[in-house]
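Chemist: Got a structure for you, written out below as structure tokens; questions coming shortly.
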Amino acid sequence: APGPEGAWENSPYNPSVHTYSAEEKWWSKGHGTLFDDAQGNWYVVYHAYRKGKTAYGRHILIERIRWTEDGWFVTERDRENEGAFDVHHNEKVTDDHFDNAELDLQWQMITEEARGETNYELGSGEFTFINKNEYMQTLQVSPSDKDYEVQIELGNRSGETEVGIAIWYSETHMAGIGVQGDEVILRAHHGGKRPIRGAEGEKVRFLKIHLEDQCASFFYSTDGTKWTMHDRSLEVSAYTHNAFGGFSYLRPAIYAKGIGKASIDSFKYKPVK
């Protein structure tokens, strides 16, 4: 357009970024924004899903553009030939014994409801959720790895507060294992939860989830050495925006739900592949 009021004209080079083939590595490309750098180079930044990994959310992609003689922009590559992208990962997720006075930058703390509050204490080698209502609080990390194992060591907790670890999309769509009173609980699709038969929650001190090929397996232990694997695994590839909305994505989350306090003494993370 010649000015802010138009008249508007569609580019003859549209679509600028697009998934042309099911063989491409990046799908649902779109919502691009142009920017330039100090050297006068121009780029388009946009988001896309990695093929077959929609549950892990959208990624940010950047590529060069050039301006045509008639004033339009096009990507420097052949737009129907995806080419290769250099990958820059998030910072690596690390173990945490909660010894610092402040949470490490890898953590994000989220409450599911607007009326909920994020309340916690940190010190003396433990992180403590303080829940003043029934809403769930979560402490989350965002790994670059798609397959990983996460483990927590439980500290003190009140009998009414459920605390655990999950592969989290939202409070109503998570695959997790937790403890509440003397029950060990499996959290599954659509917010459902069920106690694990034979497991004594008061004796359980460690919880672990192994995520591989979008399938989560669940473990509990009294000493962190000898583990009991639950006989039910959960397949989580359907935990996507297309199914549930919200533009969320799968990531590990320590959670607490119900009025009271619940402490975590340590968190461990290990890539699987």
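Convention: chains lettered A, B, ... in structure tokens order; per-chain residue numbering from 1; ligands numbered from 1 as shown.
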Can you pull out every residue within 7 Å of region 55-57 of chain A, counting only C-alpha atoms, but drop anything in the same chain fewer than 6 positions away, and send it as a list of chain:residue names?

Modeler: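 Returned residues: A:Tyr49, A:Ser237, A:Ala238, A:Tyr239, A:Thr240, A:Ser248, A:Tyr249, A:Leu250.
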
Chemist: Since we have the selection now, will you write its residues out, keeping N, CA, C and O atoms, as a JSON list (two decimals), in the first residue's frame?

Modeler:
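File selection22.json, as written:
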[["chain", "number", "residue", "atom", "x", "y", "z"],
["A", 49, "TYR", "N", 5.08, -25.84, 13.43],
["A", 49, "TYR", "CA", 5.19, -27.08, 14.20],
["A", 49, "TYR", "C", 6.15, -28.03, 13.50],
["A", 49, "TYR", "O", 6.16, -28.13, 12.27],
["A", 237, "SER", "N", 0.46, -38.00, 22.33],
["A", 237, "SER", "CA", 0.63, -37.26, 21.08],
["A", 237, "SER", "C", -0.60, -36.42, 20.73],
["A", 237, "SER", "O", -0.50, -35.48, 19.94],
["A", 238, "ALA", "N", -1.77, -36.77, 21.30],
["A", 238, "ALA", "CA", -3.00, -36.03, 20.98],
["A", 238, "ALA", "C", -3.15, -34.77, 21.83],
["A", 238, "ALA", "O", -4.12, -34.02, 21.65],
["A", 239, "TYR", "N", -2.22, -34.51, 22.75],
["A", 239, "TYR", "CA", -2.30, -33.31, 23.59],
["A", 239, "TYR", "C", -1.82, -32.11, 22.76],
["A", 239, "TYR", "O", -0.69, -31.66, 22.88],
["A", 240, "THR", "N", -2.70, -31.59, 21.92],
["A", 240, "THR", "CA", -2.33, -30.53, 20.99],
["A", 240, "THR", "C", -3.38, -29.42, 20.98],
["A", 240, "THR", "O", -4.51, -29.61, 21.45],
["A", 248, "SER", "N", -1.16, -24.41, 23.89],
["A", 248, "SER", "CA", -0.21, -24.88, 24.87],
["A", 248, "SER", "C", 0.69, -25.95, 24.24],
["A", 248, "SER", "O", 0.63, -26.19, 23.03],
["A", 249, "TYR", "N", 1.50, -26.60, 25.06],
["A", 249, "TYR", "CA", 2.41, -27.63, 24.56],
["A", 249, "TYR", "C", 2.86, -28.50, 25.74],
["A", 249, "TYR", "O", 2.74, -28.11, 26.90],
["A", 250, "LEU", "N", 3.37, -29.67, 25.46],
["A", 250, "LEU", "CA", 3.81, -30.58, 26.49],
["A", 250, "LEU", "C", 5.13, -30.14, 27.10],
["A", 250, "LEU", "O", 6.07, -29.79, 26.40]]

Chemist: Show which residues sit within 9 Å of Ala166 (chain A), as a list in words. Count only C-alpha atoms, and ignore same-chain residues fewer than 4 positions away.

Modeler: Val150, Met174, Ala175, Gly176, Ile177, Gly178, Arg187, Lys208, Ile209, Arg251, Pro252, Ala253, Ile254 and Tyr255 of chain A

Chemist: Would you mind exporting all heavy atoms of the selected residues as a short mmCIF file (atom, residue, chain, number, x, y, z; two decimals), in the first residue's frame?

Modeler:
data_model
loop_
_atom_site.label_atom_id
_atom_site.label_comp_id
_atom_site.auth_asym_id
_atom_site.auth_seq_id
_atom_site.Cartn_x
_atom_site.Cartn_y
_atom_site.Cartn_z
N VAL A 150 12.07 -37.27 34.11
CA VAL A 150 12.05 -36.28 35.18
C VAL A 150 11.71 -36.97 36.49
O VAL A 150 10.92 -37.92 36.52
CB VAL A 150 11.04 -35.14 34.89
CG1 VAL A 150 11.58 -34.19 33.85
CG2 VAL A 150 9.68 -35.69 34.44
N MET A 174 -3.29 -33.61 31.29
CA MET A 174 -1.94 -33.88 31.77
C MET A 174 -1.82 -35.37 32.05
O MET A 174 -2.81 -36.07 32.26
CB MET A 174 -1.66 -33.07 33.04
CG MET A 174 -2.66 -33.31 34.16
SD MET A 174 -2.47 -32.17 35.56
CE MET A 174 -1.08 -32.92 36.40
N ALA A 175 -0.59 -35.85 32.01
CA ALA A 175 -0.30 -37.24 32.33
C ALA A 175 0.69 -37.22 33.48
O ALA A 175 1.85 -36.85 33.30
CB ALA A 175 0.29 -37.96 31.11
N GLY A 176 0.22 -37.58 34.67
CA GLY A 176 1.07 -37.39 35.83
C GLY A 176 0.87 -38.41 36.92
O GLY A 176 -0.07 -39.22 36.89
N ILE A 177 1.76 -38.36 37.90
CA ILE A 177 1.69 -39.21 39.07
C ILE A 177 1.90 -38.33 40.29
O ILE A 177 2.78 -37.46 40.30
CB ILE A 177 2.72 -40.37 39.00
CG1 ILE A 177 2.54 -41.33 40.17
CG2 ILE A 177 4.15 -39.85 38.91
CD1 ILE A 177 3.35 -42.61 40.04
N GLY A 178 1.06 -38.53 41.30
CA GLY A 178 1.13 -37.69 42.48
C GLY A 178 0.80 -38.46 43.74
O GLY A 178 0.43 -39.64 43.71
N ARG A 187 -2.80 -39.36 37.22
CA ARG A 187 -3.63 -38.35 36.56
C ARG A 187 -3.58 -38.59 35.06
O ARG A 187 -2.50 -38.66 34.48
CB ARG A 187 -3.15 -36.94 36.89
CG ARG A 187 -3.68 -36.44 38.22
CD ARG A 187 -3.47 -34.95 38.38
NE ARG A 187 -4.24 -34.44 39.50
CZ ARG A 187 -5.43 -33.88 39.39
NH1 ARG A 187 -6.00 -33.77 38.20
NH2 ARG A 187 -6.07 -33.43 40.45
N LYS A 208 8.68 -40.41 39.46
CA LYS A 208 9.45 -40.28 38.21
C LYS A 208 8.54 -40.55 37.01
O LYS A 208 7.64 -41.39 37.08
CB LYS A 208 10.62 -41.28 38.23
CG LYS A 208 11.51 -41.25 37.01
CD LYS A 208 12.78 -42.07 37.23
CE LYS A 208 12.51 -43.55 37.34
NZ LYS A 208 13.77 -44.36 37.47
N ILE A 209 8.80 -39.81 35.91
CA ILE A 209 8.12 -40.06 34.63
C ILE A 209 9.18 -40.22 33.55
O ILE A 209 10.12 -39.42 33.45
CB ILE A 209 7.16 -38.92 34.25
CG1 ILE A 209 6.07 -38.75 35.30
CG2 ILE A 209 6.51 -39.19 32.88
CD1 ILE A 209 5.11 -37.61 35.00
N ARG A 251 5.18 -30.19 28.45
CA ARG A 251 6.44 -29.95 29.15
C ARG A 251 6.31 -30.52 30.57
O ARG A 251 5.20 -30.73 31.07
CB ARG A 251 6.81 -28.47 29.22
CG ARG A 251 5.88 -27.57 30.01
CD ARG A 251 4.79 -27.03 29.16
NE ARG A 251 4.28 -25.74 29.62
CZ ARG A 251 3.21 -25.16 29.13
NH1 ARG A 251 2.53 -25.73 28.17
NH2 ARG A 251 2.81 -23.98 29.57
N PRO A 252 7.44 -30.76 31.24
CA PRO A 252 7.38 -31.28 32.60
C PRO A 252 6.87 -30.21 33.56
O PRO A 252 7.23 -29.03 33.44
CB PRO A 252 8.83 -31.65 32.91
CG PRO A 252 9.56 -31.59 31.62
CD PRO A 252 8.82 -30.64 30.75
N ALA A 253 6.07 -30.64 34.53
CA ALA A 253 5.55 -29.72 35.53
C ALA A 253 5.45 -30.42 36.88
O ALA A 253 4.92 -31.53 36.97
CB ALA A 253 4.19 -29.18 35.13
N ILE A 254 5.97 -29.77 37.90
CA ILE A 254 5.70 -30.18 39.28
C ILE A 254 4.40 -29.47 39.66
O ILE A 254 4.25 -28.28 39.40
CB ILE A 254 6.84 -29.78 40.21
CG1 ILE A 254 8.18 -30.32 39.69
CG2 ILE A 254 6.59 -30.29 41.62
CD1 ILE A 254 9.39 -29.75 40.43
N TYR A 255 3.48 -30.18 40.27
CA TYR A 255 2.19 -29.55 40.55
C TYR A 255 1.75 -29.79 41.99
O TYR A 255 2.19 -30.74 42.66
CB TYR A 255 1.12 -30.06 39.58
CG TYR A 255 0.65 -31.48 39.85
CD1 TYR A 255 -0.40 -31.74 40.73
CD2 TYR A 255 1.26 -32.56 39.23
CE1 TYR A 255 -0.82 -33.04 40.98
CE2 TYR A 255 0.84 -33.86 39.47
CZ TYR A 255 -0.20 -34.09 40.35
OH TYR A 255 -0.61 -35.37 40.61
#

Chemist: Pick out the closest residue to Val204 (chain A) from this set: A:Tyr13, A:Trp8, A:Tyr20, A:Tyr220. Count only C-alpha atoms.

Modeler: A:Tyr220

Chemist: CA of Thr68 (chain A) and CA of Ser11 (chain A), how far apart in Å?

Modeler: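 According to the coordinates, CA of Ser11 (chain A) and CA of Thr68 (chain A) are separated by 11.2 Å.
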
Chemist: Give one line per residue of region 155-215 of chain A that approaches region 133-142 of chain A to at most 12 Å, naming the two atoms of the closest pair and their distance in Å to one decimal, counting only C-alpha atoms; sort by chain then ascending residue number and deliver it as a tab-separated table.

Modeler:
residue	atom	partner	partner_atom	distance
A:Glu160	CA	A:Glu134	CA	10.1
A:Thr161	CA	A:Glu134	CA	9.0
A:Glu162	CA	A:Met136	CA	9.2
A:Val163	CA	A:Met136	CA	9.5
A:Gly164	CA	A:Thr138	CA	9.6
A:Ile165	CA	A:Thr138	CA	9.1
A:Ala166	CA	A:Thr138	CA	9.5
A:Ile167	CA	A:Gln140	CA	9.7
A:Trp168	CA	A:Gln140	CA	8.6
A:Tyr169	CA	A:Gln140	CA	10.8
A:Ser170	CA	A:Thr138	CA	9.9
A:Glu171	CA	A:Met136	CA	7.2
A:Thr172	CA	A:Met136	CA	10.3
A:Met174	CA	A:Thr138	CA	11.6
A:Gly191	CA	A:Met136	CA	11.6

Chemist: Could you write out the selected residues, including N, CA, C and O atoms, as a PDB file, in the first residue's frame?

Modeler:
ATOM      1  N   GLU A 160      -4.191 -32.873  52.804  1.00  0.00           N
ATOM      2  CA  GLU A 160      -5.207 -32.508  51.817  1.00  0.00           C
ATOM      3  C   GLU A 160      -4.614 -32.058  50.483  1.00  0.00           C
ATOM      4  O   GLU A 160      -5.328 -31.939  49.495  1.00  0.00           O
ATOM      5  N   THR A 161      -3.345 -31.767  50.455  1.00  0.00           N
ATOM      6  CA  THR A 161      -2.728 -31.245  49.234  1.00  0.00           C
ATOM      7  C   THR A 161      -2.156 -32.391  48.411  1.00  0.00           C
ATOM      8  O   THR A 161      -1.347 -33.178  48.891  1.00  0.00           O
ATOM      9  N   GLU A 162      -2.570 -32.464  47.153  1.00  0.00           N
ATOM     10  CA  GLU A 162      -1.992 -33.426  46.210  1.00  0.00           C
ATOM     11  C   GLU A 162      -0.772 -32.788  45.564  1.00  0.00           C
ATOM     12  O   GLU A 162      -0.821 -31.648  45.097  1.00  0.00           O
ATOM     13  N   VAL A 163       0.329 -33.511  45.508  1.00  0.00           N
ATOM     14  CA  VAL A 163       1.554 -32.995  44.902  1.00  0.00           C
ATOM     15  C   VAL A 163       2.152 -34.084  44.020  1.00  0.00           C
ATOM     16  O   VAL A 163       2.097 -35.269  44.352  1.00  0.00           O
ATOM     17  N   GLY A 164       2.684 -33.681  42.865  1.00  0.00           N
ATOM     18  CA  GLY A 164       3.233 -34.679  41.963  1.00  0.00           C
ATOM     19  C   GLY A 164       3.973 -34.069  40.805  1.00  0.00           C
ATOM     20  O   GLY A 164       4.309 -32.879  40.800  1.00  0.00           O
ATOM     21  N   ILE A 165       4.232 -34.901  39.804  1.00  0.00           N
ATOM     22  CA  ILE A 165       4.930 -34.469  38.598  1.00  0.00           C
ATOM     23  C   ILE A 165       4.143 -34.957  37.392  1.00  0.00           C
ATOM     24  O   ILE A 165       3.512 -36.024  37.437  1.00  0.00           O
ATOM     25  N   ALA A 166       4.165 -34.176  36.327  1.00  0.00           N
ATOM     26  CA  ALA A 166       3.329 -34.497  35.172  1.00  0.00           C
ATOM     27  C   ALA A 166       3.991 -34.051  33.886  1.00  0.00           C
ATOM     28  O   ALA A 166       4.857 -33.175  33.869  1.00  0.00           O
ATOM     29  N   ILE A 167       3.575 -34.696  32.796  1.00  0.00           N
ATOM     30  CA  ILE A 167       3.778 -34.154  31.459  1.00  0.00           C
ATOM     31  C   ILE A 167       2.524 -33.338  31.199  1.00  0.00           C
ATOM     32  O   ILE A 167       1.432 -33.874  31.073  1.00  0.00           O
ATOM     33  N   TRP A 168       2.681 -32.044  31.131  1.00  0.00           N
ATOM     34  CA  TRP A 168       1.575 -31.102  31.316  1.00  0.00           C
ATOM     35  C   TRP A 168       1.230 -30.376  30.021  1.00  0.00           C
ATOM     36  O   TRP A 168       2.107 -29.832  29.346  1.00  0.00           O
ATOM     37  N   TYR A 169      -0.034 -30.394  29.646  1.00  0.00           N
ATOM     38  CA  TYR A 169      -0.568 -29.502  28.615  1.00  0.00           C
ATOM     39  C   TYR A 169      -1.452 -28.449  29.262  1.00  0.00           C
ATOM     40  O   TYR A 169      -1.376 -27.273  28.945  1.00  0.00           O
ATOM     41  N   SER A 170      -2.299 -28.885  30.175  1.00  0.00           N
ATOM     42  CA  SER A 170      -3.131 -27.995  30.983  1.00  0.00           C
ATOM     43  C   SER A 170      -3.581 -28.795  32.195  1.00  0.00           C
ATOM     44  O   SER A 170      -3.331 -29.996  32.288  1.00  0.00           O
ATOM     45  N   GLU A 171      -4.267 -28.138  33.128  1.00  0.00           N
ATOM     46  CA  GLU A 171      -4.713 -28.844  34.321  1.00  0.00           C
ATOM     47  C   GLU A 171      -5.650 -29.985  33.974  1.00  0.00           C
ATOM     48  O   GLU A 171      -5.671 -31.024  34.644  1.00  0.00           O
ATOM     49  N   THR A 172      -6.444 -29.813  32.920  1.00  0.00           N
ATOM     50  CA  THR A 172      -7.396 -30.855  32.540  1.00  0.00           C
ATOM     51  C   THR A 172      -6.822 -31.834  31.526  1.00  0.00           C
ATOM     52  O   THR A 172      -7.476 -32.826  31.202  1.00  0.00           O
ATOM     53  N   MET A 174      -3.289 -33.612  31.289  1.00  0.00           N
ATOM     54  CA  MET A 174      -1.941 -33.878  31.775  1.00  0.00           C
ATOM     55  C   MET A 174      -1.817 -35.368  32.050  1.00  0.00           C
ATOM     56  O   MET A 174      -2.810 -36.073  32.264  1.00  0.00           O
ATOM     57  N   GLY A 191      -8.624 -34.546  32.957  1.00  0.00           N
ATOM     58  CA  GLY A 191      -8.647 -34.232  34.370  1.00  0.00           C
ATOM     59  C   GLY A 191      -8.940 -35.406  35.278  1.00  0.00           C
ATOM     60  O   GLY A 191      -9.057 -35.236  36.494  1.00  0.00           O
TER      61      GLY A 191
END

Chemist: Point out the residue among A:His210, A:His173, A:Lys132, A:Arg194 with the least atom-to-atom distance to Gly260 (chain A), counting only C-alpha atoms.

Modeler: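 That would be A:Lys132, the residue with the smallest distance to Gly260 (chain A).
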
Chemist: My list of candidates is A:Asp265, A:Asp99, A:Glu5, A:Glu149. Which is closest to Phe219 (chain A) when distances are computed with only C-alpha atoms?

Modeler: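 Closest to Phe219 (chain A) of all the choices is A:Glu149.
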
Chemist: Based on the backbone DSSP call, show me all residues of region 55-176 of chain A assigned strand (DSSP E), as a ChimeraX atom specification.

Modeler: /A:58-67,73-75,108-111,120-123,126-131,137-140,148-157,162-170,173-176

Chemist: Could you work out how far CA of Tyr148 (chain A) lies from CA of Gly30 (chain A), giving the answer in Å with one decimal?

Modeler: 29.0 Å

Chemist: Do you know which residues are at most 9 Å from region 70-83 of chain A counting only C-alpha atoms, after dropping those on the same chain fewer than 6 positions away, and could you put them as a list in words?

Modeler: Ser11, Pro12, Tyr13, Asn14, Pro15, Ser16, Val17, His18, Thr19, Tyr20, Ser21, Glu24, Lys25, Trp26, Tyr43, Val44, Glu63 and Arg64 of chain A

Chemist: Write out the residues from the selection above, keeping N, CA and C atoms, as a PDB file, in the first residue's frame.

Modeler:
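The resulting again_12.pdb:
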ATOM      1  N   SER A  11       0.112  -9.359  -2.541  1.00  0.00           N
ATOM      2  CA  SER A  11       1.381  -9.632  -3.199  1.00  0.00           C
ATOM      3  C   SER A  11       1.214 -10.745  -4.228  1.00  0.00           C
ATOM      4  N   PRO A  12       1.796 -10.577  -5.402  1.00  0.00           N
ATOM      5  CA  PRO A  12       1.772 -11.665  -6.389  1.00  0.00           C
ATOM      6  C   PRO A  12       2.655 -12.841  -5.968  1.00  0.00           C
ATOM      7  N   TYR A  13       3.443 -12.656  -4.893  1.00  0.00           N
ATOM      8  CA  TYR A  13       4.346 -13.710  -4.414  1.00  0.00           C
ATOM      9  C   TYR A  13       3.774 -14.473  -3.216  1.00  0.00           C
ATOM     10  N   ASN A  14       2.530 -14.155  -2.834  1.00  0.00           N
ATOM     11  CA  ASN A  14       1.907 -14.889  -1.735  1.00  0.00           C
ATOM     12  C   ASN A  14       1.681 -16.350  -2.113  1.00  0.00           C
ATOM     13  N   PRO A  15       1.710 -17.280  -1.168  1.00  0.00           N
ATOM     14  CA  PRO A  15       2.081 -17.072   0.240  1.00  0.00           C
ATOM     15  C   PRO A  15       3.599 -16.976   0.405  1.00  0.00           C
ATOM     16  N   SER A  16       4.022 -16.090   1.294  1.00  0.00           N
ATOM     17  CA  SER A  16       5.463 -15.876   1.472  1.00  0.00           C
ATOM     18  C   SER A  16       6.121 -17.074   2.138  1.00  0.00           C
ATOM     19  N   VAL A  17       5.492 -17.582   3.195  1.00  0.00           N
ATOM     20  CA  VAL A  17       5.953 -18.810   3.837  1.00  0.00           C
ATOM     21  C   VAL A  17       4.763 -19.763   3.897  1.00  0.00           C
ATOM     22  N   HIS A  18       5.018 -21.036   3.653  1.00  0.00           N
ATOM     23  CA  HIS A  18       3.927 -21.969   3.495  1.00  0.00           C
ATOM     24  C   HIS A  18       4.488 -23.385   3.514  1.00  0.00           C
ATOM     25  N   THR A  19       3.699 -24.353   4.019  1.00  0.00           N
ATOM     26  CA  THR A  19       4.078 -25.761   3.923  1.00  0.00           C
ATOM     27  C   THR A  19       3.463 -26.331   2.655  1.00  0.00           C
ATOM     28  N   TYR A  20       4.291 -26.661   1.704  1.00  0.00           N
ATOM     29  CA  TYR A  20       3.809 -27.108   0.392  1.00  0.00           C
ATOM     30  C   TYR A  20       3.662 -28.619   0.295  1.00  0.00           C
ATOM     31  N   SER A  21       4.350 -29.340   1.165  1.00  0.00           N
ATOM     32  CA  SER A  21       4.367 -30.793   1.029  1.00  0.00           C
ATOM     33  C   SER A  21       4.360 -31.453   2.397  1.00  0.00           C
ATOM     34  N   GLU A  24       7.765 -32.074   4.151  1.00  0.00           N
ATOM     35  CA  GLU A  24       8.558 -31.039   4.801  1.00  0.00           C
ATOM     36  C   GLU A  24       8.646 -31.295   6.299  1.00  0.00           C
ATOM     37  N   LYS A  25       9.701 -30.754   6.926  1.00  0.00           N
ATOM     38  CA  LYS A  25       9.931 -30.968   8.354  1.00  0.00           C
ATOM     39  C   LYS A  25       9.115 -30.015   9.211  1.00  0.00           C
ATOM     40  N   TRP A  26       8.686 -28.882   8.635  1.00  0.00           N
ATOM     41  CA  TRP A  26       7.967 -27.876   9.413  1.00  0.00           C
ATOM     42  C   TRP A  26       6.591 -27.646   8.813  1.00  0.00           C
ATOM     43  N   TYR A  43      14.727 -10.005   7.264  1.00  0.00           N
ATOM     44  CA  TYR A  43      14.327 -11.361   7.641  1.00  0.00           C
ATOM     45  C   TYR A  43      12.815 -11.406   7.855  1.00  0.00           C
ATOM     46  N   VAL A  44      12.287 -12.621   7.831  1.00  0.00           N
ATOM     47  CA  VAL A  44      10.923 -12.863   8.276  1.00  0.00           C
ATOM     48  C   VAL A  44      10.993 -13.868   9.424  1.00  0.00           C
ATOM     49  N   GLU A  63      14.142 -16.655   8.614  1.00  0.00           N
ATOM     50  CA  GLU A  63      14.895 -16.820   7.375  1.00  0.00           C
ATOM     51  C   GLU A  63      15.022 -15.489   6.648  1.00  0.00           C
ATOM     52  N   ARG A  64      16.023 -15.423   5.778  1.00  0.00           N
ATOM     53  CA  ARG A  64      16.305 -14.203   5.038  1.00  0.00           C
ATOM     54  C   ARG A  64      15.255 -13.945   3.955  1.00  0.00           C
TER      55      ARG A  64
END

Chemist: Please compute the CA of Ile65 (chain A)-CA of Pro2 (chain A) distance, one decimal, in Å.

Modeler: 20.7 Å

Chemist: Which polymer residues have any atom within 8 Å of an atom of Ile196 (chain A), counting only C-alpha atoms, with same-chain residues fewer than 2 positions away left out, as a PyMOL selection string?

Modeler: chain A and resi 183-186+194+198-199+230

Chemist: Restricting it to all heavy atoms, dump the selection as a PDB file, in the first residue's frame.

Modeler:
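As a result, part.pdb now contains:
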ATOM      1  N   GLU A 183      -2.532 -42.058  49.419  1.00  0.00           N
ATOM      2  CA  GLU A 183      -2.775 -42.559  48.070  1.00  0.00           C
ATOM      3  C   GLU A 183      -1.723 -42.056  47.094  1.00  0.00           C
ATOM      4  O   GLU A 183      -1.283 -40.900  47.170  1.00  0.00           O
ATOM      5  CB  GLU A 183      -4.160 -42.122  47.572  1.00  0.00           C
ATOM      6  CG  GLU A 183      -5.319 -42.788  48.283  1.00  0.00           C
ATOM      7  CD  GLU A 183      -6.650 -42.420  47.670  1.00  0.00           C
ATOM      8  OE1 GLU A 183      -6.770 -41.314  47.087  1.00  0.00           O
ATOM      9  OE2 GLU A 183      -7.591 -43.236  47.779  1.00  0.00           O
ATOM     10  N   VAL A 184      -1.318 -42.935  46.198  1.00  0.00           N
ATOM     11  CA  VAL A 184      -0.539 -42.545  45.020  1.00  0.00           C
ATOM     12  C   VAL A 184      -1.523 -42.484  43.863  1.00  0.00           C
ATOM     13  O   VAL A 184      -2.296 -43.414  43.637  1.00  0.00           O
ATOM     14  CB  VAL A 184       0.586 -43.553  44.716  1.00  0.00           C
ATOM     15  CG1 VAL A 184       1.367 -43.135  43.472  1.00  0.00           C
ATOM     16  CG2 VAL A 184       1.526 -43.661  45.912  1.00  0.00           C
ATOM     17  N   ILE A 185      -1.518 -41.380  43.137  1.00  0.00           N
ATOM     18  CA  ILE A 185      -2.576 -41.083  42.174  1.00  0.00           C
ATOM     19  C   ILE A 185      -2.009 -40.986  40.767  1.00  0.00           C
ATOM     20  O   ILE A 185      -0.962 -40.357  40.549  1.00  0.00           O
ATOM     21  CB  ILE A 185      -3.268 -39.750  42.546  1.00  0.00           C
ATOM     22  CG1 ILE A 185      -4.002 -39.902  43.883  1.00  0.00           C
ATOM     23  CG2 ILE A 185      -4.237 -39.306  41.455  1.00  0.00           C
ATOM     24  CD1 ILE A 185      -4.473 -38.601  44.467  1.00  0.00           C
ATOM     25  N   LEU A 186      -2.696 -41.600  39.819  1.00  0.00           N
ATOM     26  CA  LEU A 186      -2.379 -41.427  38.409  1.00  0.00           C
ATOM     27  C   LEU A 186      -3.346 -40.408  37.829  1.00  0.00           C
ATOM     28  O   LEU A 186      -4.569 -40.552  37.951  1.00  0.00           O
ATOM     29  CB  LEU A 186      -2.519 -42.752  37.656  1.00  0.00           C
ATOM     30  CG  LEU A 186      -2.205 -42.686  36.152  1.00  0.00           C
ATOM     31  CD1 LEU A 186      -0.712 -42.465  35.924  1.00  0.00           C
ATOM     32  CD2 LEU A 186      -2.672 -43.953  35.442  1.00  0.00           C
ATOM     33  N   ARG A 194      -7.031 -41.455  39.403  1.00  0.00           N
ATOM     34  CA  ARG A 194      -7.402 -42.688  40.084  1.00  0.00           C
ATOM     35  C   ARG A 194      -6.255 -43.127  40.972  1.00  0.00           C
ATOM     36  O   ARG A 194      -5.080 -42.937  40.625  1.00  0.00           O
ATOM     37  CB  ARG A 194      -7.737 -43.782  39.069  1.00  0.00           C
ATOM     38  CG  ARG A 194      -6.570 -44.210  38.215  1.00  0.00           C
ATOM     39  CD  ARG A 194      -6.926 -45.352  37.270  1.00  0.00           C
ATOM     40  NE  ARG A 194      -7.910 -44.952  36.278  1.00  0.00           N
ATOM     41  CZ  ARG A 194      -8.392 -45.787  35.361  1.00  0.00           C
ATOM     42  NH1 ARG A 194      -7.980 -47.037  35.337  1.00  0.00           N
ATOM     43  NH2 ARG A 194      -9.264 -45.376  34.475  1.00  0.00           N
ATOM     44  N   GLY A 198      -2.465 -50.717  45.898  1.00  0.00           N
ATOM     45  CA  GLY A 198      -1.315 -51.291  46.585  1.00  0.00           C
ATOM     46  C   GLY A 198      -0.213 -50.310  46.922  1.00  0.00           C
ATOM     47  O   GLY A 198       0.720 -50.652  47.644  1.00  0.00           O
ATOM     48  N   ALA A 199      -0.290 -49.093  46.414  1.00  0.00           N
ATOM     49  CA  ALA A 199       0.747 -48.101  46.684  1.00  0.00           C
ATOM     50  C   ALA A 199       0.394 -47.323  47.952  1.00  0.00           C
ATOM     51  O   ALA A 199      -0.738 -46.870  48.114  1.00  0.00           O
ATOM     52  CB  ALA A 199       0.882 -47.139  45.509  1.00  0.00           C
ATOM     53  N   HIS A 230       4.319 -48.294  37.343  1.00  0.00           N
ATOM     54  CA  HIS A 230       2.895 -48.520  37.198  1.00  0.00           C
ATOM     55  C   HIS A 230       2.637 -49.269  35.896  1.00  0.00           C
ATOM     56  O   HIS A 230       3.314 -49.037  34.885  1.00  0.00           O
ATOM     57  CB  HIS A 230       2.149 -47.190  37.198  1.00  0.00           C
ATOM     58  CG  HIS A 230       0.653 -47.315  37.156  1.00  0.00           C
ATOM     59  ND1 HIS A 230      -0.039 -48.229  37.915  1.00  0.00           N
ATOM     60  CD2 HIS A 230      -0.285 -46.653  36.436  1.00  0.00           C
ATOM     61  CE1 HIS A 230      -1.330 -48.124  37.671  1.00  0.00           C
ATOM     62  NE2 HIS A 230      -1.506 -47.169  36.777  1.00  0.00           N
TER      63      HIS A 230
END

Chemist: With a distance cut-off of 7 Å and only C-alpha atoms, select the neighbouring residues of Ile264 (chain A), excluding the residue or stretch itself and same-chain residues fewer than 6 positions from it, and output the selection as an MDAnalysis selection string.

Modeler: chainID A and resid 126:128 152:155

Chemist: Which residues, written as a VMD selection string, have at least one atom at most 9 Å from Lys270 (chain A), with only C-alpha atoms counted and residues fewer than 2 positions away on the same chain left out?

Modeler: chain A and resid 93 to 95 147 to 151 268 272

Chemist: Would you save the residues from that selection as a compact mmCIF listing (two decimals), in the first residue's frame, using N, CA and C atoms?

Modeler:
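Okay, again_7.txt is ready:
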# COMPACT_ATOMS: atom_id res chain seq x y z
N VAL A 93 17.97 -27.96 30.45
CA VAL A 93 17.34 -28.10 31.75
C VAL A 93 18.31 -28.82 32.69
N THR A 94 18.43 -28.34 33.91
CA THR A 94 19.39 -28.89 34.86
C THR A 94 18.68 -29.35 36.14
N ASP A 95 19.36 -30.21 36.88
CA ASP A 95 18.86 -30.63 38.18
C ASP A 95 18.78 -29.43 39.12
N ASP A 147 12.34 -36.34 24.27
CA ASP A 147 12.30 -37.56 25.08
C ASP A 147 13.19 -37.33 26.30
N TYR A 148 12.64 -37.57 27.48
CA TYR A 148 13.39 -37.26 28.70
C TYR A 148 12.78 -37.98 29.89
N GLU A 149 13.50 -37.92 30.99
CA GLU A 149 13.05 -38.49 32.25
C GLU A 149 13.14 -37.41 33.32
N VAL A 150 12.07 -37.27 34.11
CA VAL A 150 12.05 -36.28 35.18
C VAL A 150 11.71 -36.97 36.49
N GLN A 151 12.30 -36.46 37.56
CA GLN A 151 12.15 -37.09 38.87
C GLN A 151 12.08 -36.00 39.94
N LYS A 268 15.22 -33.74 39.27
CA LYS A 268 16.26 -34.27 38.40
C LYS A 268 15.70 -34.41 36.99
N VAL A 272 16.59 -38.65 27.26
CA VAL A 272 16.54 -40.08 26.99
C VAL A 272 17.32 -40.41 25.74
